[in-house]
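Chemist: Submitted below is the structure of interest, expressed as structure tokens.
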Amino acid sequence: MERESIRSVLTEGQARMSQARPRLLIVDDDRAMCEVLELGLRKRGFDVVWHTDPLEALRVLPAENIEVVVADLNMPGLRGTELCTRVLANRPDVPVIVITAFGSLETAIAAIRAGAYDFVTKPFEVDALALAIQRAVQHRALREEVKTLRRVVASSQQLDDLVGTSVAMRRVFDLISRVAQTDVSVLITGESGTGKEMVARAIHRQSARSQGPFVAINCAAIPEQLLESELFGHTKGAFTDARVARKGLFPKASGGTLFLDEVGDLPLQLQPKLLRAIQERCVRPVGGDEEIPVDVRIVAATNRDLEAAVEERRFRDDLYFRVNVVQIGLPPLRSRGGDILLLAQHFIEAFSARQGKRVQGLSPRAAERLLAYSFPGNVRELQNCIERAVALTVYDQLGVDDLPEKIRDHRTSQLMLATPDSSELVSMEEIERRYILHVLDVLGGNKAMAAQILGFDRRTLYRKLERYGQSP
């Protein structure tokens, strides 16, 4: 339901256009011209009102639900450029198209400077004017969509840069707010790219330790033989190349928060030392004899199934219980519904400002493609997609052609068990693959529960995922 509600937000202007005829206000001192335009534009799907007196037109404009104003440039009493200025002052949401018989560059510049959206020179075909009006209607609808989506984005930024209004993310925000007021250890779980470090930083900034340091380390990115030194420090001469003593990350984080990313990749022989550091609140540098007291809050994160790792004795159960006092599970992006569009708008605004561009939002068709894609790389993949699209687009909104090919051409993974189209029939192995991935999607990546539902042991599920190119 949330996905559909955000979809309706993005396409509000287009939906209104399809349900009602766009209402135009024509202002021209030539009554015959007004009548001709009224007849021609009504045939082309517009609702038209007109006035030969520009001052009278300005008086009725606030009371009429006008989407576009079409005004002659040369009128007695009030020129079209002045009319543009007044419309812009009173109804900045209404674009103005100026009609002029003097198609010089100077008159065009004057009209645009006065706030006109477009201009059409006489003589013109009604179809040409209708096309300009249609563009103006769509431009207005886009501006309204962007305003609406920006309001939703602003209201959804409940904690720092975390964006979302889905039920799953509201639960995450609530947990962050509550756990930040304590000093207990937190374990953040979720697939790669879901924003685990952002949650860790939000906890730190909301806590009483916010004035202290936030120190992060990726346990999977540092060679095993160096990780102990990184965490606890080392003395001079403790090992080859240890020419000077070095302070470890535990002492550096004292008074603040230590974020252990990918804690599930911590080497087994180092786990008891980490457990002791957390329990005793002191560390012993490599090669040292004395222990150094530390005051840190531990926030850990993993994309692995730590319970399975404990069962398989790849992760100590006592360390697991020590880091997992409170667990915050981040949902994959594909299960967050309309948050995809909120995040997309958030990234569009950020990257447009950074790159000096004026991209305002998404086209409805581009939004549909984003919603249809499963985003295996989660928020990080969406962020990369939008950064690329903003960099490459030459328009003021992102269209389907601006998206990466894998998103443009993505086909849903629905099972399609009943289909009259022989080209869509697939093998039993493909049906099994789709169903297994579907179950994992529904369960938010919980492989232990997925294996139980599918009737597999966990090792069988892992083997199948490896065959499908999915990391177990």
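To be explicit about the labels: the chains of the structure tokens are called A, B, and onward in the order shown, and within each one the residues are counted from 1, while ligands get numbers from 1 in the order they are shown.
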Got a sec: who's within 9 Å of Leu274 of chain A, counting only C-alpha atoms, leaving out chain neighbours fewer than 4 positions off, as a PDB file with C-alpha atoms, in the first residue's frame?

Modeler:
```
ATOM      1  CA  GLU A 228      44.628  -7.106  16.594  1.00  0.00           C
ATOM      2  CA  LEU A 231      41.985  -2.692  17.555  1.00  0.00           C
ATOM      3  CA  LEU A 270      40.771 -12.831  18.006  1.00  0.00           C
ATOM      4  CA  ILE A 278      34.282  -5.381  25.990  1.00  0.00           C
ATOM      5  CA  GLN A 279      33.674  -7.070  29.348  1.00  0.00           C
ATOM      6  CA  VAL A 283      42.863  -3.509  26.350  1.00  0.00           C
ATOM      7  CA  LEU A 319      30.737 -12.785  22.151  1.00  0.00           C
TER       8      LEU A 319
END
```

Chemist: Where does DSSP see strand (DSSP E) in segment 76-299 of chain A, if you list the residues as JSON, numbers by chain?

Modeler: {"A": [96, 97, 98, 99, 100, 118, 119, 120, 121, 186, 187, 188, 189, 214, 215, 216, 217, 218, 233, 234, 246, 247, 257, 258, 259, 260, 261, 282, 283, 292, 293, 297, 298, 299]}

Chemist: The selected residues should be written to file as a JSON list (two decimals), in the first residue's frame (atoms: N, CA and C atoms).

Modeler:
```json
[["chain", "number", "residue", "atom", "x", "y", "z"],
["A", 96, "VAL", "N", 3.00, 30.93, -18.00],
["A", 96, "VAL", "CA", 2.40, 31.85, -18.97],
["A", 96, "VAL", "C", 3.08, 31.64, -20.33],
["A", 97, "ILE", "N", 2.25, 31.48, -21.37],
["A", 97, "ILE", "CA", 2.74, 31.42, -22.75],
["A", 97, "ILE", "C", 2.34, 32.70, -23.45],
["A", 98, "VAL", "N", 3.33, 33.37, -24.04],
["A", 98, "VAL", "CA", 3.08, 34.66, -24.68],
["A", 98, "VAL", "C", 2.97, 34.47, -26.19],
["A", 99, "ILE", "N", 1.96, 35.11, -26.79],
["A", 99, "ILE", "CA", 1.79, 35.13, -28.25],
["A", 99, "ILE", "C", 2.23, 36.49, -28.76],
["A", 100, "THR", "N", 3.11, 36.48, -29.74],
["A", 100, "THR", "CA", 3.60, 37.75, -30.26],
["A", 100, "THR", "C", 3.70, 37.70, -31.79],
["A", 118, "ASP", "N", 7.04, 30.17, -22.08],
["A", 118, "ASP", "CA", 7.34, 29.94, -23.49],
["A", 118, "ASP", "C", 6.71, 31.07, -24.29],
["A", 119, "PHE", "N", 7.06, 31.16, -25.58],
["A", 119, "PHE", "CA", 6.40, 32.14, -26.44],
["A", 119, "PHE", "C", 6.16, 31.51, -27.81],
["A", 120, "VAL", "N", 5.09, 31.97, -28.48],
["A", 120, "VAL", "CA", 4.71, 31.48, -29.80],
["A", 120, "VAL", "C", 4.53, 32.69, -30.70],
["A", 121, "THR", "N", 5.12, 32.63, -31.88],
["A", 121, "THR", "CA", 5.03, 33.79, -32.79],
["A", 121, "THR", "C", 3.91, 33.60, -33.81],
["A", 186, "VAL", "N", 24.92, -2.67, 20.66],
["A", 186, "VAL", "CA", 23.88, -2.82, 19.63],
["A", 186, "VAL", "C", 24.46, -3.60, 18.46],
["A", 187, "LEU", "N", 23.66, -4.54, 17.94],
["A", 187, "LEU", "CA", 24.04, -5.27, 16.73],
["A", 187, "LEU", "C", 23.08, -4.88, 15.62],
["A", 188, "ILE", "N", 23.61, -4.34, 14.53],
["A", 188, "ILE", "CA", 22.80, -3.93, 13.38],
["A", 188, "ILE", "C", 22.95, -5.00, 12.31],
["A", 189, "THR", "N", 21.86, -5.57, 11.88],
["A", 189, "THR", "CA", 21.90, -6.63, 10.87],
["A", 189, "THR", "C", 21.20, -6.16, 9.60],
["A", 214, "PHE", "N", 33.54, 9.05, 17.08],
["A", 214, "PHE", "CA", 32.92, 7.88, 16.45],
["A", 214, "PHE", "C", 34.00, 7.25, 15.60],
["A", 215, "VAL", "N", 34.42, 6.05, 15.97],
["A", 215, "VAL", "CA", 35.53, 5.37, 15.30],
["A", 215, "VAL", "C", 35.00, 4.10, 14.65],
["A", 216, "ALA", "N", 35.24, 3.93, 13.36],
["A", 216, "ALA", "CA", 34.71, 2.78, 12.62],
["A", 216, "ALA", "C", 35.84, 1.94, 12.07],
["A", 217, "ILE", "N", 35.62, 0.62, 12.06],
["A", 217, "ILE", "CA", 36.57, -0.30, 11.45],
["A", 217, "ILE", "C", 35.79, -1.41, 10.76],
["A", 218, "ASN", "N", 36.24, -1.76, 9.56],
["A", 218, "ASN", "CA", 35.64, -2.88, 8.84],
["A", 218, "ASN", "C", 36.49, -4.12, 9.10],
["A", 233, "GLY", "N", 46.17, -1.65, 19.48],
["A", 233, "GLY", "CA", 47.43, -0.92, 19.44],
["A", 233, "GLY", "C", 48.61, -1.86, 19.61],
["A", 234, "HIS", "N", 49.82, -1.31, 19.53],
["A", 234, "HIS", "CA", 51.02, -2.12, 19.74],
["A", 234, "HIS", "C", 52.13, -1.25, 20.32],
["A", 246, "ARG", "N", 51.94, 2.45, 18.75],
["A", 246, "ARG", "CA", 50.74, 2.95, 18.09],
["A", 246, "ARG", "C", 49.52, 2.72, 18.96],
["A", 247, "LYS", "N", 48.67, 3.73, 19.00],
["A", 247, "LYS", "CA", 47.45, 3.66, 19.77],
["A", 247, "LYS", "C", 46.38, 2.92, 18.97],
["A", 257, "THR", "N", 32.04, 6.10, 20.59],
["A", 257, "THR", "CA", 31.47, 4.86, 20.07],
["A", 257, "THR", "C", 32.47, 4.19, 19.13],
["A", 258, "LEU", "N", 32.61, 2.86, 19.28],
["A", 258, "LEU", "CA", 33.43, 2.07, 18.37],
["A", 258, "LEU", "C", 32.48, 1.23, 17.52],
["A", 259, "PHE", "N", 32.55, 1.45, 16.21],
["A", 259, "PHE", "CA", 31.67, 0.72, 15.28],
["A", 259, "PHE", "C", 32.46, -0.40, 14.63],
["A", 260, "LEU", "N", 32.06, -1.64, 14.90],
["A", 260, "LEU", "CA", 32.72, -2.83, 14.34],
["A", 260, "LEU", "C", 31.87, -3.33, 13.18],
["A", 261, "ASP", "N", 32.22, -2.88, 11.99],
["A", 261, "ASP", "CA", 31.46, -3.30, 10.80],
["A", 261, "ASP", "C", 31.91, -4.69, 10.37],
["A", 282, "CYS", "N", 39.06, -2.78, 29.19],
["A", 282, "CYS", "CA", 40.48, -2.47, 29.13],
["A", 282, "CYS", "C", 41.10, -3.29, 28.01],
["A", 283, "VAL", "N", 42.20, -2.81, 27.45],
["A", 283, "VAL", "CA", 42.86, -3.51, 26.35],
["A", 283, "VAL", "C", 44.36, -3.60, 26.63],
["A", 292, "ILE", "N", 45.30, -1.04, 29.33],
["A", 292, "ILE", "CA", 44.88, 0.36, 29.24],
["A", 292, "ILE", "C", 43.37, 0.42, 29.41],
["A", 293, "PRO", "N", 42.86, 1.19, 30.38],
["A", 293, "PRO", "CA", 41.39, 1.28, 30.54],
["A", 293, "PRO", "C", 40.78, 2.07, 29.38],
["A", 297, "ARG", "N", 31.45, 2.60, 23.76],
["A", 297, "ARG", "CA", 30.19, 1.91, 23.49],
["A", 297, "ARG", "C", 30.37, 1.13, 22.19],
["A", 298, "ILE", "N", 30.00, -0.15, 22.20],
["A", 298, "ILE", "CA", 30.17, -1.00, 21.04],
["A", 298, "ILE", "C", 28.89, -1.04, 20.22],
["A", 299, "VAL", "N", 29.02, -0.67, 18.95],
["A", 299, "VAL", "CA", 27.95, -0.89, 17.97],
["A", 299, "VAL", "C", 28.57, -1.74, 16.86]]
```

Chemist: List the neighbours of Ala366 of chain A out to 6 Å using only C-alpha atoms; skip same-chain residues closer than 3 positions along the sequence, and give me the result as a PyMOL selection string.

Modeler: chain A and resi 363+369+399-400

Chemist: Check the DSSP output for the backbone and give back, as a VMD selection string, the residues of segment 220-363 of chain A in alpha helix (DSSP H).

Modeler: chain A and resid 224 to 232 249 to 252 271 to 280 306 to 311 317 to 323 339 to 355

Chemist: Selection from above, C-alpha atoms, as a PDB file, in the first residue's frame, can you write it?

Modeler:
```pdb
ATOM      1  CA  GLU A 224      44.009 -10.993  10.114  1.00  0.00           C
ATOM      2  CA  GLN A 225      47.587 -10.462  11.312  1.00  0.00           C
ATOM      3  CA  LEU A 226      47.068  -6.669  11.506  1.00  0.00           C
ATOM      4  CA  LEU A 227      43.569  -6.573  12.973  1.00  0.00           C
ATOM      5  CA  GLU A 228      44.628  -7.106  16.594  1.00  0.00           C
ATOM      6  CA  SER A 229      47.100  -4.224  16.334  1.00  0.00           C
ATOM      7  CA  GLU A 230      44.429  -2.004  14.742  1.00  0.00           C
ATOM      8  CA  LEU A 231      41.985  -2.692  17.555  1.00  0.00           C
ATOM      9  CA  PHE A 232      44.249  -2.687  20.607  1.00  0.00           C
ATOM     10  CA  LEU A 249      41.077   2.055  17.909  1.00  0.00           C
ATOM     11  CA  PHE A 250      39.688   1.089  21.320  1.00  0.00           C
ATOM     12  CA  PRO A 251      41.687   3.820  23.112  1.00  0.00           C
ATOM     13  CA  LYS A 252      41.006   6.262  20.274  1.00  0.00           C
ATOM     14  CA  GLN A 271      37.211 -13.148  19.311  1.00  0.00           C
ATOM     15  CA  PRO A 272      38.106 -13.972  22.958  1.00  0.00           C
ATOM     16  CA  LYS A 273      40.371 -10.906  23.108  1.00  0.00           C
ATOM     17  CA  LEU A 274      37.557  -8.706  21.817  1.00  0.00           C
ATOM     18  CA  LEU A 275      35.161 -10.280  24.326  1.00  0.00           C
ATOM     19  CA  ARG A 276      37.539  -9.522  27.192  1.00  0.00           C
ATOM     20  CA  ALA A 277      38.036  -5.924  26.028  1.00  0.00           C
ATOM     21  CA  ILE A 278      34.282  -5.381  25.990  1.00  0.00           C
ATOM     22  CA  GLN A 279      33.674  -7.070  29.348  1.00  0.00           C
ATOM     23  CA  GLU A 280      36.644  -5.692  31.304  1.00  0.00           C
ATOM     24  CA  LEU A 306      25.466 -14.867  13.191  1.00  0.00           C
ATOM     25  CA  GLU A 307      23.153 -17.415  14.799  1.00  0.00           C
ATOM     26  CA  ALA A 308      24.115 -19.893  12.095  1.00  0.00           C
ATOM     27  CA  ALA A 309      27.775 -18.961  12.587  1.00  0.00           C
ATOM     28  CA  VAL A 310      27.409 -19.688  16.326  1.00  0.00           C
ATOM     29  CA  GLU A 311      25.811 -23.067  15.576  1.00  0.00           C
ATOM     30  CA  ASP A 317      28.305 -17.610  21.490  1.00  0.00           C
ATOM     31  CA  ASP A 318      29.518 -15.563  24.493  1.00  0.00           C
ATOM     32  CA  LEU A 319      30.737 -12.785  22.151  1.00  0.00           C
ATOM     33  CA  TYR A 320      27.503 -12.970  20.184  1.00  0.00           C
ATOM     34  CA  PHE A 321      25.432 -12.392  23.327  1.00  0.00           C
ATOM     35  CA  ARG A 322      27.753  -9.577  24.408  1.00  0.00           C
ATOM     36  CA  VAL A 323      27.457  -7.565  21.159  1.00  0.00           C
ATOM     37  CA  ASP A 339      10.796   4.573   0.277  1.00  0.00           C
ATOM     38  CA  ILE A 340      12.561   3.862  -3.025  1.00  0.00           C
ATOM     39  CA  LEU A 341      11.094   7.050  -4.514  1.00  0.00           C
ATOM     40  CA  LEU A 342      11.706   9.092  -1.365  1.00  0.00           C
ATOM     41  CA  LEU A 343      15.354   8.053  -1.377  1.00  0.00           C
ATOM     42  CA  ALA A 344      15.613   8.694  -5.113  1.00  0.00           C
ATOM     43  CA  GLN A 345      14.302  12.251  -4.649  1.00  0.00           C
ATOM     44  CA  HIS A 346      16.654  12.756  -1.701  1.00  0.00           C
ATOM     45  CA  PHE A 347      19.641  11.662  -3.811  1.00  0.00           C
ATOM     46  CA  ILE A 348      18.487  13.750  -6.820  1.00  0.00           C
ATOM     47  CA  GLU A 349      18.496  16.900  -4.709  1.00  0.00           C
ATOM     48  CA  ALA A 350      21.878  16.075  -3.141  1.00  0.00           C
ATOM     49  CA  PHE A 351      23.652  15.208  -6.393  1.00  0.00           C
ATOM     50  CA  SER A 352      22.038  18.056  -8.348  1.00  0.00           C
ATOM     51  CA  ALA A 353      23.399  20.537  -5.823  1.00  0.00           C
ATOM     52  CA  ARG A 354      26.817  18.857  -5.810  1.00  0.00           C
ATOM     53  CA  GLN A 355      27.082  18.744  -9.605  1.00  0.00           C
TER      54      GLN A 355
END
```

Chemist: Pick out the residues sitting within 7 Å of segment 174-180 of chain A, and hand them over as a PyMOL selection string; count only C-alpha atoms, and ignore anything fewer than 6 positions along from it in its own chain.

Modeler: chain A and resi 203-204+206-207

Chemist: Generate the output file for the selected residues, N, CA and C atoms, as a short mmCIF file (atom, residue, chain, number, x, y, z; two decimals), in the first residue's frame.

Modeler:
```cif
data_model
loop_
_atom_site.label_atom_id
_atom_site.label_comp_id
_atom_site.auth_asym_id
_atom_site.auth_seq_id
_atom_site.Cartn_x
_atom_site.Cartn_y
_atom_site.Cartn_z
N ILE A 203 22.80 6.49 15.96
CA ILE A 203 22.78 6.12 17.39
C ILE A 203 23.79 6.96 18.15
N HIS A 204 24.99 7.09 17.60
CA HIS A 204 26.04 7.88 18.27
C HIS A 204 25.61 9.34 18.43
N GLN A 206 22.69 10.63 18.56
CA GLN A 206 21.54 10.82 19.44
C GLN A 206 21.87 10.48 20.89
N SER A 207 23.08 9.95 21.14
CA SER A 207 23.41 9.46 22.47
C SER A 207 24.12 10.52 23.31
#
```

Chemist: For atom CA of Pro285 of chain A and atom CA of Thr235 of chain A, quote the distance in Å rounded to one decimal.

Modeler: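 Atom CA of Thr235 of chain A lies at a distance of 6.4 Å from atom CA of Pro285 of chain A.
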
Chemist: Nearest to Thr194 of chain A among A:Gly80, A:Gly455, A:Gly45, A:Pro331, with distances taken over only C-alpha atoms: which residue is it?

Modeler: A:Pro331

Chemist: Which residues are near His410 of chain A? Cut-off 9 Å, only C-alpha atoms, ignore same chain within fewer than 6 positions. Put them as a ChimeraX atom specification.

Modeler: /A:369,372-374

Chemist: Could those residues be written to a file, using N, CA and C atoms, as a PDB file, in the first residue's frame?

Modeler:
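Dumped to part30.pdb:
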```
ATOM      1  N   ARG A 369       9.993   2.158 -13.257  1.00  0.00           N
ATOM      2  CA  ARG A 369      11.106   1.222 -13.425  1.00  0.00           C
ATOM      3  C   ARG A 369      11.866   1.031 -12.110  1.00  0.00           C
ATOM      4  N   ALA A 372       9.898  -1.274  -9.907  1.00  0.00           N
ATOM      5  CA  ALA A 372       9.838  -2.657 -10.395  1.00  0.00           C
ATOM      6  C   ALA A 372      11.145  -3.413 -10.170  1.00  0.00           C
ATOM      7  N   TYR A 373      12.237  -2.683  -9.940  1.00  0.00           N
ATOM      8  CA  TYR A 373      13.555  -3.312  -9.810  1.00  0.00           C
ATOM      9  C   TYR A 373      13.780  -3.772  -8.374  1.00  0.00           C
ATOM     10  N   SER A 374      14.497  -4.871  -8.192  1.00  0.00           N
ATOM     11  CA  SER A 374      14.647  -5.469  -6.856  1.00  0.00           C
ATOM     12  C   SER A 374      15.804  -4.885  -6.046  1.00  0.00           C
TER      13      SER A 374
END
```

Chemist: In Å, rounded to a single decimal, give me how far atom CA of Arg365 of chain A is from atom CA of Val163 of chain A.

Modeler: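 Separation of atom CA of Val163 of chain A and atom CA of Arg365 of chain A: 22.4 Å.
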
Chemist: Have a look at atom CA of Ile133 of chain A and atom CA of Asp401 of chain A and let me know their distance in Å, one decimal.

Modeler: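 These atoms are spaced 24.5 Å apart.
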
Chemist: Give me the residues within 12 Å of segment 444-449 of chain A as an MDAnalysis selection string, counting only C-alpha atoms and dropping any in the same chain fewer than 2 places off.

Modeler: chainID A and resid 168 189:192 194 303:309 311 329:336 376 378 436:442 451:462 464:465 470:472

Chemist: Can you write out the residues you just picked, keeping N, CA and C atoms, as a short mmCIF file (atom, residue, chain, number, x, y, z; two decimals), in the first residue's frame?

Modeler:
```cif
data_model
loop_
_atom_site.label_atom_id
_atom_site.label_comp_id
_atom_site.auth_asym_id
_atom_site.auth_seq_id
_atom_site.Cartn_x
_atom_site.Cartn_y
_atom_site.Cartn_z
N ALA A 168 8.51 -0.62 8.26
CA ALA A 168 9.77 -1.21 8.71
C ALA A 168 10.76 -0.14 9.14
N THR A 189 21.86 -5.57 11.88
CA THR A 189 21.90 -6.63 10.87
C THR A 189 21.20 -6.16 9.60
N GLY A 190 21.58 -6.75 8.50
CA GLY A 190 20.96 -6.40 7.23
C GLY A 190 21.90 -6.69 6.08
N GLU A 191 21.35 -6.71 4.89
CA GLU A 191 22.15 -6.97 3.70
C GLU A 191 23.13 -5.84 3.45
N SER A 192 24.13 -6.13 2.64
CA SER A 192 25.08 -5.08 2.26
C SER A 192 24.36 -3.95 1.53
N THR A 194 22.41 -1.60 2.96
CA THR A 194 21.15 -1.15 3.56
C THR A 194 21.32 0.08 4.45
N ASN A 303 26.30 -8.54 7.84
CA ASN A 303 25.33 -9.00 6.84
C ASN A 303 25.25 -10.52 6.84
N ARG A 304 25.88 -11.15 7.83
CA ARG A 304 25.87 -12.60 7.94
C ARG A 304 24.82 -13.06 8.95
N ASP A 305 24.49 -14.34 8.90
CA ASP A 305 23.60 -14.95 9.88
C ASP A 305 24.46 -15.41 11.04
N LEU A 306 24.57 -14.56 12.08
CA LEU A 306 25.47 -14.87 13.19
C LEU A 306 24.97 -16.05 14.01
N GLU A 307 23.66 -16.25 14.08
CA GLU A 307 23.15 -17.41 14.80
C GLU A 307 23.63 -18.70 14.14
N ALA A 308 23.61 -18.72 12.82
CA ALA A 308 24.12 -19.89 12.09
C ALA A 308 25.62 -20.04 12.32
N ALA A 309 26.33 -18.91 12.35
CA ALA A 309 27.77 -18.96 12.59
C ALA A 309 28.08 -19.50 13.98
N GLU A 311 26.11 -21.63 15.66
CA GLU A 311 25.81 -23.07 15.58
C GLU A 311 26.96 -23.83 14.93
N GLY A 329 17.37 -4.70 13.02
CA GLY A 329 17.40 -5.32 11.70
C GLY A 329 16.96 -4.34 10.63
N LEU A 330 17.84 -4.09 9.65
CA LEU A 330 17.50 -3.17 8.56
C LEU A 330 16.86 -3.95 7.41
N PRO A 331 15.71 -3.50 6.93
CA PRO A 331 15.04 -4.21 5.83
C PRO A 331 15.75 -3.94 4.51
N PRO A 332 15.73 -4.90 3.58
CA PRO A 332 16.26 -4.63 2.24
C PRO A 332 15.41 -3.59 1.54
N LEU A 333 16.00 -2.85 0.63
CA LEU A 333 15.28 -1.77 -0.04
C LEU A 333 14.05 -2.27 -0.78
N ARG A 334 14.13 -3.49 -1.36
CA ARG A 334 13.01 -4.01 -2.15
C ARG A 334 11.75 -4.22 -1.31
N SER A 335 11.91 -4.31 0.03
CA SER A 335 10.74 -4.52 0.89
C SER A 335 10.26 -3.23 1.52
N ARG A 336 10.83 -2.08 1.12
CA ARG A 336 10.48 -0.80 1.74
C ARG A 336 9.49 0.03 0.93
N PRO A 376 19.30 -5.46 -5.64
CA PRO A 376 20.09 -6.37 -4.80
C PRO A 376 21.18 -5.65 -4.02
N ASN A 378 20.72 -2.72 -2.73
CA ASN A 378 20.01 -1.92 -1.74
C ASN A 378 20.24 -0.42 -1.92
N ILE A 436 12.80 -19.79 -4.49
CA ILE A 436 13.74 -19.64 -3.37
C ILE A 436 14.07 -18.17 -3.14
N LEU A 437 14.36 -17.43 -4.21
CA LEU A 437 14.68 -16.01 -4.07
C LEU A 437 13.47 -15.22 -3.60
N HIS A 438 12.28 -15.63 -4.04
CA HIS A 438 11.05 -14.97 -3.59
C HIS A 438 10.86 -15.15 -2.08
N VAL A 439 11.06 -16.38 -1.59
CA VAL A 439 10.92 -16.64 -0.15
C VAL A 439 11.92 -15.80 0.63
N LEU A 440 13.16 -15.71 0.16
CA LEU A 440 14.16 -14.90 0.85
C LEU A 440 13.78 -13.43 0.84
N ASP A 441 13.21 -12.95 -0.28
CA ASP A 441 12.74 -11.56 -0.35
C ASP A 441 11.69 -11.30 0.73
N VAL A 442 10.70 -12.18 0.79
CA VAL A 442 9.59 -12.00 1.73
C VAL A 442 10.09 -12.02 3.18
N ALA A 451 15.28 -21.61 4.95
CA ALA A 451 15.60 -23.03 4.83
C ALA A 451 14.54 -23.88 5.49
N GLN A 452 14.03 -23.42 6.63
CA GLN A 452 12.98 -24.17 7.33
C GLN A 452 11.71 -24.24 6.51
N ILE A 453 11.30 -23.11 5.91
CA ILE A 453 10.08 -23.09 5.10
C ILE A 453 10.24 -23.93 3.84
N LEU A 454 11.41 -23.85 3.21
CA LEU A 454 11.65 -24.57 1.95
C LEU A 454 11.88 -26.06 2.16
N GLY A 455 12.14 -26.45 3.41
CA GLY A 455 12.38 -27.87 3.68
C GLY A 455 13.80 -28.30 3.39
N PHE A 456 14.74 -27.34 3.33
CA PHE A 456 16.15 -27.65 3.10
C PHE A 456 16.89 -27.55 4.42
N ASP A 457 18.06 -28.22 4.51
CA ASP A 457 18.98 -27.83 5.57
C ASP A 457 19.74 -26.61 5.07
N ARG A 458 20.36 -25.90 6.00
CA ARG A 458 20.96 -24.61 5.65
C ARG A 458 22.08 -24.75 4.63
N ARG A 459 22.86 -25.83 4.72
CA ARG A 459 23.96 -26.02 3.77
C ARG A 459 23.44 -26.20 2.35
N THR A 460 22.31 -26.92 2.20
CA THR A 460 21.71 -27.09 0.88
C THR A 460 21.28 -25.74 0.31
N LEU A 461 20.66 -24.91 1.15
CA LEU A 461 20.24 -23.58 0.71
C LEU A 461 21.45 -22.76 0.28
N TYR A 462 22.55 -22.83 1.05
CA TYR A 462 23.75 -22.08 0.71
C TYR A 462 24.31 -22.52 -0.64
N LYS A 464 22.70 -23.82 -3.15
CA LYS A 464 21.82 -23.34 -4.22
C LYS A 464 22.04 -21.85 -4.46
N LEU A 465 22.18 -21.08 -3.39
CA LEU A 465 22.42 -19.63 -3.55
C LEU A 465 23.73 -19.37 -4.26
N GLN A 470 24.34 -15.85 -5.77
CA GLN A 470 23.99 -15.05 -4.60
C GLN A 470 24.92 -15.44 -3.46
N SER A 471 25.49 -14.45 -2.78
CA SER A 471 26.38 -14.74 -1.67
C SER A 471 25.60 -15.30 -0.51
N PRO A 472 25.98 -16.48 0.05
CA PRO A 472 25.27 -17.03 1.18
C PRO A 472 25.67 -16.37 2.48
#
```

Chemist: Which is closest to Pro22 of chain A among A:Gln138, A:Asn324, A:Thr81, A:Thr107, if we use only C-alpha atoms?

Modeler: A:Gln138
